[in-house]
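> As input, take run_21.cif (mmCIF, C-alpha atoms):
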data_final
loop_
_atom_site.group_PDB
_atom_site.id
_atom_site.type_symbol
_atom_site.label_atom_id
_atom_site.label_comp_id
_atom_site.auth_asym_id
_atom_site.auth_seq_id
_atom_site.Cartn_x
_atom_site.Cartn_y
_atom_site.Cartn_z
ATOM 1 C CA MET K 1 31.662 -30.834 16.300
ATOM 2 C CA PRO K 2 28.538 -28.723 15.737
ATOM 3 C CA ILE K 3 28.659 -25.071 14.659
ATOM 4 C CA THR K 4 26.260 -22.579 16.197
ATOM 5 C CA GLN K 5 24.792 -20.696 13.229
ATOM 6 C CA ASN K 6 26.248 -22.655 10.323
ATOM 7 C CA GLN K 7 25.232 -19.977 7.792
ATOM 8 C CA GLY K 8 26.620 -16.522 7.221
ATOM 9 C CA SER K 9 27.488 -13.708 4.846
ATOM 10 C CA THR K 10 29.877 -14.168 1.932
ATOM 11 C CA ALA K 11 31.604 -11.058 3.276
ATOM 12 C CA GLY K 12 32.520 -12.886 6.473
ATOM 13 C CA GLY K 13 32.600 -11.161 9.833
ATOM 14 C CA GLU K 14 30.123 -13.522 11.524
ATOM 15 C CA ALA K 15 30.681 -14.563 15.140
ATOM 16 C CA VAL K 16 30.229 -18.343 15.356
ATOM 17 C CA THR K 17 31.204 -21.023 17.840
ATOM 18 C CA VAL K 18 32.414 -24.542 17.140
ATOM 19 C CA THR K 19 31.682 -26.962 19.973
ATOM 20 C CA GLY K 20 33.083 -30.397 20.705
ATOM 21 C CA THR K 21 35.676 -32.123 22.872
ATOM 22 C CA ASN K 22 39.440 -31.757 23.213
ATOM 23 C CA LEU K 23 39.420 -28.352 21.517
ATOM 24 C CA GLY K 24 41.701 -26.608 24.024
ATOM 25 C CA GLY K 25 44.781 -24.915 22.637
ATOM 26 C CA ALA K 26 43.335 -24.577 19.143
ATOM 27 C CA THR K 27 45.881 -23.004 16.843
ATOM 28 C CA ALA K 28 43.699 -22.534 13.762
ATOM 29 C CA VAL K 29 40.142 -22.799 12.517
ATOM 30 C CA LYS K 30 39.822 -23.168 8.770
ATOM 31 C CA PHE K 31 36.793 -22.427 6.608
ATOM 32 C CA GLY K 32 37.866 -24.332 3.539
ATOM 33 C CA THR K 33 41.336 -22.942 2.948
ATOM 34 C CA GLN K 34 40.643 -19.626 4.701
ATOM 35 C CA SER K 35 41.653 -19.015 8.317
ATOM 36 C CA ALA K 36 39.145 -17.617 10.794
ATOM 37 C CA THR K 37 40.080 -15.235 13.602
ATOM 38 C CA ILE K 38 39.921 -17.052 16.947
ATOM 39 C CA THR K 39 38.286 -14.935 19.661
ATOM 40 C CA GLY K 40 37.856 -17.496 22.422
ATOM 41 C CA ASN K 41 38.848 -21.073 23.209
ATOM 42 C CA THR K 42 38.053 -23.684 25.843
ATOM 43 C CA ALA K 43 38.288 -27.452 25.936
ATOM 44 C CA SER K 44 34.741 -27.681 24.568
ATOM 45 C CA SER K 45 34.478 -24.711 22.199
ATOM 46 C CA VAL K 46 36.258 -22.353 19.839
ATOM 47 C CA SER K 47 34.726 -18.951 19.059
ATOM 48 C CA VAL K 48 35.753 -17.349 15.764
ATOM 49 C CA ILE K 49 35.002 -14.566 13.305
ATOM 50 C CA THR K 50 34.344 -16.077 9.892
ATOM 51 C CA PRO K 51 36.493 -15.193 6.892
ATOM 52 C CA ALA K 52 34.954 -14.248 3.542
ATOM 53 C CA GLY K 53 33.907 -17.127 1.327
ATOM 54 C CA ALA K 54 31.322 -18.581 -1.029
ATOM 55 C CA GLY K 55 29.211 -21.711 -1.259
ATOM 56 C CA MET K 56 29.814 -24.474 1.263
ATOM 57 C CA ALA K 57 33.057 -24.570 3.227
ATOM 58 C CA GLY K 58 34.312 -27.381 5.411
ATOM 59 C CA VAL K 59 35.251 -26.129 8.887
ATOM 60 C CA THR K 60 38.210 -27.764 10.602
ATOM 61 C CA VAL K 61 39.806 -27.084 13.977
ATOM 62 C CA VAL K 62 43.541 -27.568 14.392
ATOM 63 C CA THR K 63 44.753 -28.411 17.919
ATOM 64 C CA PRO K 64 48.006 -29.869 19.304
ATOM 65 C CA GLY K 65 46.232 -33.225 19.377
ATOM 66 C CA GLY K 66 45.145 -33.212 15.744
ATOM 67 C CA VAL K 67 42.497 -31.866 13.376
ATOM 68 C CA GLY K 68 38.743 -32.031 13.981
ATOM 69 C CA GLY K 69 36.103 -31.854 11.270
ATOM 70 C CA PRO K 70 35.239 -30.937 8.651
ATOM 71 C CA GLU K 71 31.780 -29.597 9.452
ATOM 72 C CA PRO K 72 29.759 -27.703 6.808
ATOM 73 C CA PHE K 73 29.333 -23.928 6.847
ATOM 74 C CA PHE K 74 27.165 -22.298 4.191
ATOM 75 C CA TYR K 75 27.959 -18.869 2.786
ATOM 76 C CA LEU K 76 24.846 -16.961 1.767
ATOM 77 C CA PRO K 77 24.761 -14.124 -0.791
ATOM 78 C CA PRO K 78 23.319 -10.785 0.375
ATOM 79 C CA PRO K 79 19.586 -10.195 -0.103
ATOM 80 C CA VAL K 80 18.109 -8.071 -2.872
ATOM 81 C CA ILE K 81 14.806 -6.173 -2.595
ATOM 82 C CA ILE K 82 12.904 -5.824 -5.875
ATOM 83 C CA SER K 83 9.590 -4.446 -4.629
ATOM 84 C CA VAL K 84 7.618 -3.577 -1.489
ATOM 85 C CA SER K 85 3.833 -3.713 -1.784
ATOM 86 C CA PRO K 86 2.223 -1.604 -0.625
ATOM 87 C CA GLY K 87 5.046 0.891 -0.240
ATOM 88 C CA SER K 88 3.218 2.759 2.511
ATOM 89 C CA GLY K 89 0.992 1.966 5.467
ATOM 90 C CA PRO K 90 -0.968 3.528 8.320
ATOM 91 C CA VAL K 91 0.773 5.329 11.166
ATOM 92 C CA ALA K 92 -1.089 2.965 13.494
ATOM 93 C CA GLY K 93 0.669 -0.022 11.911
ATOM 94 C CA GLY K 94 -0.989 -3.368 11.270
ATOM 95 C CA SER K 95 -0.676 -3.406 7.476
ATOM 96 C CA THR K 96 0.534 -6.624 5.825
ATOM 97 C CA ILE K 97 3.475 -5.794 3.548
ATOM 98 C CA THR K 98 4.825 -8.111 0.841
ATOM 99 C CA ILE K 99 8.534 -7.844 0.058
ATOM 100 C CA SER K 100 9.763 -9.453 -3.168
ATOM 101 C CA GLY K 101 13.372 -10.029 -4.091
ATOM 102 C CA ARG K 102 16.133 -12.622 -3.978
ATOM 103 C CA CYS K 103 18.006 -14.497 -1.237
ATOM 104 C CA LEU K 104 15.329 -13.758 1.381
ATOM 105 C CA ALA K 105 14.902 -17.227 2.896
ATOM 106 C CA SER K 106 17.199 -16.589 5.883
ATOM 107 C CA ALA K 107 15.546 -13.284 6.850
ATOM 108 C CA THR K 108 15.566 -12.736 10.595
ATOM 109 C CA SER K 109 13.989 -9.272 10.836
ATOM 110 C CA VAL K 110 12.600 -6.314 8.915
ATOM 111 C CA GLN K 111 13.406 -2.880 10.286
ATOM 112 C CA PHE K 112 11.108 0.096 9.732
ATOM 113 C CA GLY K 113 13.269 3.008 10.767
ATOM 114 C CA GLY K 114 13.909 2.336 14.438
ATOM 115 C CA SER K 115 11.231 -0.373 14.794
ATOM 116 C CA THR K 116 11.822 -4.072 14.207
ATOM 117 C CA ALA K 117 9.253 -6.583 12.926
ATOM 118 C CA THR K 118 9.514 -10.350 12.471
ATOM 119 C CA PRO K 119 8.843 -11.490 8.891
ATOM 120 C CA THR K 120 7.144 -14.609 7.582
ATOM 121 C CA VAL K 121 9.286 -16.299 4.939
ATOM 122 C CA VAL K 122 7.068 -17.368 2.025
ATOM 123 C CA SER K 123 9.952 -18.366 -0.244
ATOM 124 C CA ASP K 124 13.470 -17.306 -1.136
ATOM 125 C CA GLN K 125 11.825 -14.614 -3.285
ATOM 126 C CA GLU K 126 9.093 -13.363 -0.940
ATOM 127 C CA LEU K 127 8.489 -12.230 2.632
ATOM 128 C CA THR K 128 5.424 -10.872 4.360
ATOM 129 C CA VAL K 129 5.589 -8.669 7.438
ATOM 130 C CA VAL K 130 3.110 -6.660 9.488
ATOM 131 C CA SER K 131 4.138 -3.029 9.707
ATOM 132 C CA PRO K 132 4.666 -1.533 13.174
ATOM 133 C CA ALA K 133 3.327 1.865 14.217
ATOM 134 C CA GLY K 134 5.357 4.865 13.109
ATOM 135 C CA ALA K 135 5.301 8.622 12.660
ATOM 136 C CA ALA K 136 4.040 9.985 9.341
ATOM 137 C CA GLY K 137 6.791 10.209 6.734
ATOM 138 C CA GLU K 138 9.381 8.101 4.960
ATOM 139 C CA VAL K 139 11.659 5.709 6.846
ATOM 140 C CA ALA K 140 14.364 3.258 5.832
ATOM 141 C CA LEU K 141 13.115 -0.309 5.421
ATOM 142 C CA ALA K 142 15.851 -2.908 5.915
ATOM 143 C CA VAL K 143 15.599 -6.668 5.422
ATOM 144 C CA VAL K 144 18.168 -8.410 7.621
ATOM 145 C CA THR K 145 19.224 -11.939 6.616
ATOM 146 C CA LEU K 146 22.076 -14.237 7.546
ATOM 147 C CA GLY K 147 23.640 -13.195 4.247
ATOM 148 C CA GLY K 148 23.500 -9.462 4.897
ATOM 149 C CA THR K 149 21.091 -6.533 4.744
ATOM 150 C CA ALA K 150 19.112 -4.944 1.887
ATOM 151 C CA ASN K 151 17.667 -1.447 2.149
ATOM 152 C CA THR K 152 14.803 0.471 0.566
ATOM 153 C CA ALA K 153 12.164 2.969 1.773
ATOM 154 C CA PHE K 154 8.697 2.789 3.312
ATOM 155 C CA SER K 155 6.249 5.571 4.163
ATOM 156 C CA PHE K 156 3.908 5.854 7.123
ATOM 157 C CA VAL K 157 0.708 7.633 6.082
ATOM 158 C CA ASP K 158 -1.833 9.567 8.165
ATOM 159 C CA PRO K 159 -5.453 8.392 7.780
ATOM 160 C CA PRO K 160 -7.479 10.152 5.080
ATOM 161 C CA THR K 161 -10.290 12.627 5.639
ATOM 162 C CA ALA K 162 -13.014 12.912 2.999
ATOM 163 C CA THR K 163 -14.602 16.345 3.426
ATOM 164 C CA GLY K 164 -17.054 16.504 0.533
ATOM 165 C CA PHE K 165 -17.994 15.600 -3.035
ATOM 166 C CA SER K 166 -19.801 17.073 -6.036
ATOM 167 C CA PRO K 167 -22.211 16.520 -7.708
ATOM 168 C CA VAL K 168 -24.412 14.777 -5.170
ATOM 169 C CA THR K 169 -26.722 12.968 -7.612
ATOM 170 C CA GLY K 170 -26.385 10.630 -10.578
ATOM 171 C CA LEU K 171 -28.266 8.067 -12.669
ATOM 172 C CA PRO K 172 -28.585 4.364 -11.749
ATOM 173 C CA ALA K 173 -26.685 3.471 -14.932
ATOM 174 C CA GLY K 174 -23.601 5.122 -13.436
ATOM 175 C CA GLY K 175 -21.073 7.214 -15.317
ATOM 176 C CA THR K 176 -21.343 10.446 -13.337
ATOM 177 C CA LEU K 177 -17.940 12.030 -12.711
ATOM 178 C CA VAL K 178 -17.719 12.920 -9.006
ATOM 179 C CA GLY K 179 -15.009 15.107 -7.483
ATOM 180 C CA ILE K 180 -14.081 14.108 -3.925
ATOM 181 C CA THR K 181 -12.163 16.509 -1.698
ATOM 182 C CA GLY K 182 -10.269 15.864 1.515
ATOM 183 C CA THR K 183 -6.811 15.412 2.980
ATOM 184 C CA ASN K 184 -4.171 12.658 2.793
ATOM 185 C CA LEU K 185 -5.720 11.223 -0.383
ATOM 186 C CA LEU K 186 -2.506 10.676 -2.358
ATOM 187 C CA THR K 187 -2.270 6.928 -1.642
ATOM 188 C CA THR K 188 -5.925 6.192 -2.428
ATOM 189 C CA THR K 189 -6.417 2.530 -3.288
ATOM 190 C CA GLU K 190 -10.223 2.338 -3.509
ATOM 191 C CA VAL K 191 -13.351 4.488 -3.759
ATOM 192 C CA THR K 192 -16.713 2.869 -3.119
ATOM 193 C CA PHE K 193 -20.288 4.030 -3.645
ATOM 194 C CA GLY K 194 -22.112 1.988 -1.046
ATOM 195 C CA ALA K 195 -20.408 -1.388 -1.421
ATOM 196 C CA VAL K 196 -19.641 -0.945 -5.125
ATOM 197 C CA PRO K 197 -16.057 -0.035 -6.168
ATOM 198 C CA ALA K 198 -15.679 2.900 -8.543
ATOM 199 C CA THR K 199 -13.080 3.722 -11.156
ATOM 200 C CA PHE K 200 -11.033 6.633 -9.830
ATOM 201 C CA ALA K 201 -8.019 8.853 -10.447
ATOM 202 C CA VAL K 202 -5.919 10.570 -7.783
ATOM 203 C CA LEU K 203 -5.522 14.222 -8.768
ATOM 204 C CA SER K 204 -3.645 15.433 -5.698
ATOM 205 C CA ASP K 205 -3.323 14.883 -1.978
ATOM 206 C CA THR K 206 -6.616 16.764 -1.574
ATOM 207 C CA GLN K 207 -8.679 15.629 -4.559
ATOM 208 C CA VAL K 208 -9.812 12.378 -6.170
ATOM 209 C CA ALA K 209 -12.065 12.027 -9.210
ATOM 210 C CA ALA K 210 -14.318 8.970 -9.328
ATOM 211 C CA THR K 211 -16.808 7.672 -11.868
ATOM 212 C CA ALA K 212 -19.984 6.581 -10.117
ATOM 213 C CA PRO K 213 -20.650 2.880 -10.767
ATOM 214 C CA ALA K 214 -24.070 1.527 -11.669
ATOM 215 C CA HIS K 215 -26.321 1.166 -8.630
ATOM 216 C CA ALA K 216 -29.970 0.744 -7.728
ATOM 217 C CA PRO K 217 -31.901 3.993 -7.088
ATOM 218 C CA GLY K 218 -31.427 5.425 -3.604
ATOM 219 C CA THR K 219 -28.747 6.955 -1.428
ATOM 220 C CA VAL K 220 -25.253 5.594 -0.776
ATOM 221 C CA THR K 221 -22.190 6.627 1.188
ATOM 222 C CA ILE K 222 -18.958 7.416 -0.660
ATOM 223 C CA THR K 223 -15.921 5.961 1.099
ATOM 224 C CA VAL K 224 -12.274 6.632 0.259
ATOM 225 C CA THR K 225 -9.632 4.054 1.239
ATOM 226 C CA THR K 226 -5.901 4.818 1.236
ATOM 227 C CA THR K 227 -2.880 2.930 2.519
ATOM 228 C CA GLY K 228 -3.388 5.008 5.669
ATOM 229 C CA GLY K 229 -6.995 3.966 6.325
ATOM 230 C CA SER K 230 -10.570 4.724 5.225
ATOM 231 C CA ASP K 231 -13.043 7.575 5.628
ATOM 232 C CA ALA K 232 -16.633 8.141 4.537
ATOM 233 C CA ALA K 233 -17.485 11.506 3.056
ATOM 234 C CA PRO K 234 -20.226 13.466 4.868
ATOM 235 C CA GLY K 235 -23.684 13.246 3.314
ATOM 236 C CA THR K 236 -24.934 10.734 0.760
ATOM 237 C CA PHE K 237 -24.907 10.381 -3.004
ATOM 238 C CA LEU K 238 -28.377 9.982 -4.533
ATOM 239 C CA TYR K 239 -29.027 7.661 -7.447
ATOM 240 C CA LEU K 240 -32.098 9.221 -9.055
ATOM 241 C CA LEU K 241 -35.046 7.233 -10.331
#
Go ahead and express the file in the form of structure tokens.


Amino acid sequence: MPITQNQGSTAGGEAVTVTGTNLGGATAVKFGTQSATITGNTASSVSVITPAGAGMAGVTVVTPGGVGGPEPFFYLPPPVIISVSPGSGPVAGGSTITISGRCLASATSVQFGGSTATPTVVSDQELTVVSPAGAAGEVALAVVTLGGTANTAFSFVDPPTATGFSPVTGLPAGGTLVGITGTNLLTTTEVTFGAVPATFAVLSDTQVAATAPAHAPGTVTITVTTTGGSDAAPGTFLYLL
């Protein structure tokens, strides 16, 4: 007497079907001691709406010919989101997002506003999901599991534009404080001089301050990376001899 979808929310309200033989005329379906609402019945199946419950409940079907079961049904607690990292991503999508929390193992989808993505379950405490494309701005992020839904927020970010920097020279030992201007810089995650990462501070959506790292003499490109993408500032920074 198998049950299609033998897991569901502790709040109940799940549509499930019990299949088997000689089930016609079912008068009751019990989840433990709680009665389910019967919505359909044939000789080979009984469709019901689950009652509220907790833990594992034995499901029995009462018919004029006797009682079938029990079969196990597992009540799952609702999910909890603790963190989303990163909390923003490019409008073009394609960013891998890690969601940490509790009771995530039965996740079936992650919704970004009106878009749905399929998660990869790492553990009961962690999911990863690739963000879809979306318009710039904040949207509701919802993790949907068999135990319920947890909600938080996620932001889609336009790609950055680095428009300039000053000063344009520094010493090979590093240490020069460089102001970088542009747009959409608020979610900056990295500033590089050539291939070398720099220590930086985000001052505003239009300005980042970076300390030039040590580098061999010569010219390098300064690149700013945000959760929305990357952009190289025009011109080059010169490490003086």

> Name the closest residue to Ala153 in chain K among the candidates K:Gly137, K:Gly93, K:Gly218, K:Gly20; distances are taken between atoms, counting only C-alpha atoms.

K:Gly137

> Might you spell out which residues the PyMOL selection byres ((chain K and resi 168) around 9) would select in the displayed file, as a ChimeraX atom specification?

/K:165-167,169-170,178,235-239

> Please provide as an MDAnalysis selection string all residues within 9 Å of Ala136 in chain K, with the sequence filter that same-chain residues fewer than 4 positions apart are discarded (counting all atoms listed in the file).

chainID K and resid 90:91 155:158

> Kindly indicate which residue among K:Gly134, K:Gly40, K:Val48, K:Leu23 lies nearest to Thr4 in chain K, using all atoms listed in the file for the distances.

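Closest to Thr4 in chain K, using all atoms listed in the file: K:Val48.
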
> Determine the residue membership of the PyMOL selection byres ((chain K and resi 173) around 7) for the file above and supply it as a PDB file with C-alpha atoms, keeping the file's coordinate frame.


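Okay, this is what ended up in expr.pdb:
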ATOM      1  CA  LEU K 171     -28.266   8.067 -12.669  1.00  0.00           C
ATOM      2  CA  PRO K 172     -28.585   4.364 -11.749  1.00  0.00           C
ATOM      3  CA  GLY K 174     -23.601   5.122 -13.436  1.00  0.00           C
ATOM      4  CA  GLY K 175     -21.073   7.214 -15.317  1.00  0.00           C
ATOM      5  CA  ALA K 214     -24.070   1.527 -11.669  1.00  0.00           C
ATOM      6  CA  HIS K 215     -26.321   1.166  -8.630  1.00  0.00           C
TER       7      HIS K 215
END

> Pick the closest to Ser83 in chain K from K:Pro213, K:Gly164, K:Gly101, K:Gly13: which is it, counting only C-alpha atoms?

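Among the listed residues, the smallest separation from Ser83 in chain K belongs to K:Gly101.
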
> Enumerate, as a list of chain:residue names, the residues matched when the PyMOL selection byres ((chain K and resi 106) around 10) is run on the file above.

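Taken over the shown coordinates, the PyMOL selection byres ((chain K and resi 106) around 10) returns K:Gln7, K:Gly8, K:Leu76, K:Pro79, K:Cys103, K:Leu104, K:Ala105, K:Ala107, K:Thr108, K:Ser109, K:Val121, K:Ser123, K:Asp124, K:Val144, K:Thr145, K:Leu146, K:Gly147, K:Gly148.
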
> May I ask which of the residues K:Pro217, K:Gly228, K:Gly94, K:Pro119 is the closest one to Pro160 in chain K, counting only C-alpha atoms?

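Among the listed residues, K:Gly228 lies closest to Pro160 in chain K.
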
> Between CA of Ala15 in chain K and CA of Val130 in chain K, what distance in Å does the model show, to one decimal?

29.2 Å

> Restricting the calculation to all atoms listed in the file, which member of K:Gly87, K:Leu127, K:Leu240, K:Thr161 is positioned closest to Val139 in chain K?

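Comparing K:Gly87, K:Leu127, K:Leu240, K:Thr161 against Val139 in chain K, the winner is K:Gly87.
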